[in-house]
Amino acid sequence: MAKSSPLAAIRAARRLEVLAAQTAYWPARDACRDADAGQVAAALGLDESGARAVLARFGR
C-alpha cells in the first residue's frame with residue numbers, strides 16, 4: 001500500500017493510532033493505579049522509562 005498510495009498508508013496508520021488511543025485510555029489509567037512501573041515495564045517488554053511514556057501517551 002505504501003508504494004502505490006503513500007497517503008492512504010499514512011491515513012491507515014493514523015487511524016490505527018486513534019483506535020489504539022481510544023481503546024487503551026482506561027486500561028492505561030488502571031495500570032497506573034494498580035501496578036508499579038517495574039510491573040508495567042515487564043508486561044510491555046520495555047524499560048521503566050519507556051513504560052511510563054506509553055502509559056502517559058495512552059492515559060493522557
# chains A, B, ... in the order shown; residues from 1 in each chain; ligands from 1
>>> residues_around(residues="range 22-37 of chain A", least_positions_apart="5", cutoff="8 Å", atoms="only C-alpha atoms", output="PyMOL selection string")
chain A and resi 48+51-52+55-56+58-60
>>> closest_residue(among="A:Ala41, A:Ser49, A:Arg57, A:Ser5", to="Glu17 in chain A", atoms="only C-alpha atoms")
A:Arg57
>>> atom_distance(atom1="CA of Gly50 in chain A", atom2="CA of Ala21 in chain A")
16.4 Å
>>> closest_residue(among="A:Val40, A:Leu19, A:Ala9, A:Lys3", to="Ala53 in chain A", atoms="only C-alpha atoms")
A:Val40
>>> decode(residues="range 25-58 of chain A", atoms="N, CA, C and O atoms", output="short mmCIF file (atom, residue, chain, number, x, y, z; two decimals), in the first residue's frame")
data_model
loop_
_atom_site.label_atom_id
_atom_site.label_comp_id
_atom_site.auth_asym_id
_atom_site.auth_seq_id
_atom_site.Cartn_x
_atom_site.Cartn_y
_atom_site.Cartn_z
N TYR A 25 -7.14 3.95 26.72
CA TYR A 25 -7.25 5.01 27.72
C TYR A 25 -7.51 4.45 29.12
O TYR A 25 -6.72 4.67 30.04
N TRP A 26 -8.60 3.73 29.31
CA TRP A 26 -8.93 3.23 30.65
C TRP A 26 -7.96 2.15 31.12
O TRP A 26 -7.55 2.17 32.29
N PRO A 27 -7.56 1.21 30.27
CA PRO A 27 -6.56 0.24 30.74
C PRO A 27 -5.25 0.91 31.19
O PRO A 27 -4.64 0.48 32.17
N ALA A 28 -4.83 1.95 30.50
CA ALA A 28 -3.60 2.65 30.90
C ALA A 28 -3.78 3.31 32.26
O ALA A 28 -2.89 3.26 33.11
N ARG A 29 -4.92 3.92 32.48
CA ARG A 29 -5.17 4.56 33.77
C ARG A 29 -5.23 3.51 34.88
O ARG A 29 -4.72 3.72 35.97
N ASP A 30 -5.88 2.37 34.60
CA ASP A 30 -5.96 1.30 35.59
C ASP A 30 -4.58 0.74 35.90
O ASP A 30 -4.25 0.45 37.05
N ALA A 31 -3.75 0.59 34.87
CA ALA A 31 -2.39 0.07 35.07
C ALA A 31 -1.58 1.02 35.95
O ALA A 31 -0.82 0.57 36.81
N CYS A 32 -1.74 2.31 35.75
CA CYS A 32 -1.04 3.29 36.59
C CYS A 32 -1.46 3.16 38.05
O CYS A 32 -0.65 3.31 38.95
N ARG A 33 -2.72 2.88 38.25
CA ARG A 33 -3.24 2.78 39.60
C ARG A 33 -2.88 1.45 40.26
O ARG A 33 -2.57 1.40 41.44
N ASP A 34 -2.92 0.36 39.50
CA ASP A 34 -2.82 -0.98 40.07
C ASP A 34 -1.43 -1.60 40.05
O ASP A 34 -1.19 -2.58 40.76
N ALA A 35 -0.52 -1.09 39.24
CA ALA A 35 0.80 -1.73 39.10
C ALA A 35 1.90 -0.68 39.23
O ALA A 35 1.68 0.50 38.93
N ASP A 36 3.06 -1.13 39.66
CA ASP A 36 4.18 -0.19 39.70
C ASP A 36 4.88 -0.19 38.33
O ASP A 36 4.58 -1.01 37.47
N ALA A 37 5.78 0.76 38.16
CA ALA A 37 6.45 0.93 36.87
C ALA A 37 7.20 -0.32 36.44
O ALA A 37 7.23 -0.65 35.25
N GLY A 38 7.78 -1.04 37.37
CA GLY A 38 8.51 -2.27 37.03
C GLY A 38 7.60 -3.35 36.48
O GLY A 38 7.96 -4.05 35.53
N GLN A 39 6.43 -3.50 37.06
CA GLN A 39 5.47 -4.50 36.58
C GLN A 39 4.97 -4.15 35.19
O GLN A 39 4.86 -5.01 34.32
N VAL A 40 4.66 -2.88 34.99
CA VAL A 40 4.19 -2.43 33.68
C VAL A 40 5.29 -2.63 32.64
O VAL A 40 5.04 -3.12 31.53
N ALA A 41 6.51 -2.27 32.99
CA ALA A 41 7.64 -2.42 32.07
C ALA A 41 7.83 -3.87 31.66
O ALA A 41 8.01 -4.17 30.48
N ALA A 42 7.76 -4.77 32.63
CA ALA A 42 7.92 -6.20 32.32
C ALA A 42 6.80 -6.69 31.42
O ALA A 42 7.04 -7.44 30.47
N ALA A 43 5.58 -6.26 31.68
CA ALA A 43 4.44 -6.70 30.87
C ALA A 43 4.53 -6.19 29.43
O ALA A 43 4.09 -6.88 28.50
N LEU A 44 5.09 -5.00 29.26
CA LEU A 44 5.18 -4.41 27.92
C LEU A 44 6.49 -4.69 27.22
O LEU A 44 6.66 -4.35 26.05
N GLY A 45 7.44 -5.29 27.93
CA GLY A 45 8.74 -5.57 27.34
C GLY A 45 9.57 -4.31 27.13
O GLY A 45 10.33 -4.22 26.17
N LEU A 46 9.40 -3.34 28.03
CA LEU A 46 10.12 -2.08 27.94
C LEU A 46 10.88 -1.83 29.23
O LEU A 46 10.68 -2.53 30.21
N ASP A 47 11.73 -0.80 29.22
CA ASP A 47 12.31 -0.37 30.48
C ASP A 47 11.28 0.53 31.17
O ASP A 47 10.24 0.86 30.60
N GLU A 48 11.55 0.91 32.41
CA GLU A 48 10.57 1.67 33.18
C GLU A 48 10.27 3.03 32.55
O GLU A 48 9.13 3.47 32.54
N SER A 49 11.28 3.66 32.00
CA SER A 49 11.07 4.95 31.34
C SER A 49 10.15 4.81 30.13
O SER A 49 9.24 5.62 29.93
N GLY A 50 10.38 3.78 29.34
CA GLY A 50 9.52 3.53 28.18
C GLY A 50 8.10 3.19 28.58
O GLY A 50 7.14 3.63 27.94
N ALA A 51 7.95 2.41 29.65
CA ALA A 51 6.62 2.05 30.13
C ALA A 51 5.87 3.29 30.61
O ALA A 51 4.68 3.45 30.32
N ARG A 52 6.56 4.17 31.33
CA ARG A 52 5.91 5.41 31.78
C ARG A 52 5.49 6.26 30.60
O ARG A 52 4.42 6.87 30.60
N ALA A 53 6.30 6.31 29.56
CA ALA A 53 5.97 7.09 28.37
C ALA A 53 4.73 6.53 27.67
O ALA A 53 3.86 7.29 27.24
N VAL A 54 4.65 5.22 27.57
CA VAL A 54 3.48 4.59 26.94
C VAL A 54 2.23 4.87 27.75
O VAL A 54 1.18 5.26 27.19
N LEU A 55 2.31 4.70 29.06
CA LEU A 55 1.14 4.96 29.91
C LEU A 55 0.73 6.43 29.85
O LEU A 55 -0.46 6.74 29.82
N ALA A 56 1.69 7.33 29.80
CA ALA A 56 1.37 8.75 29.71
C ALA A 56 0.69 9.06 28.38
O ALA A 56 -0.27 9.83 28.33
N ARG A 57 1.18 8.46 27.31
CA ARG A 57 0.59 8.71 25.99
C ARG A 57 -0.83 8.19 25.92
O ARG A 57 -1.73 8.87 25.45
N PHE A 58 -1.06 6.97 26.40
CA PHE A 58 -2.39 6.39 26.30
C PHE A 58 -3.33 6.88 27.40
O PHE A 58 -4.52 7.02 27.17
#
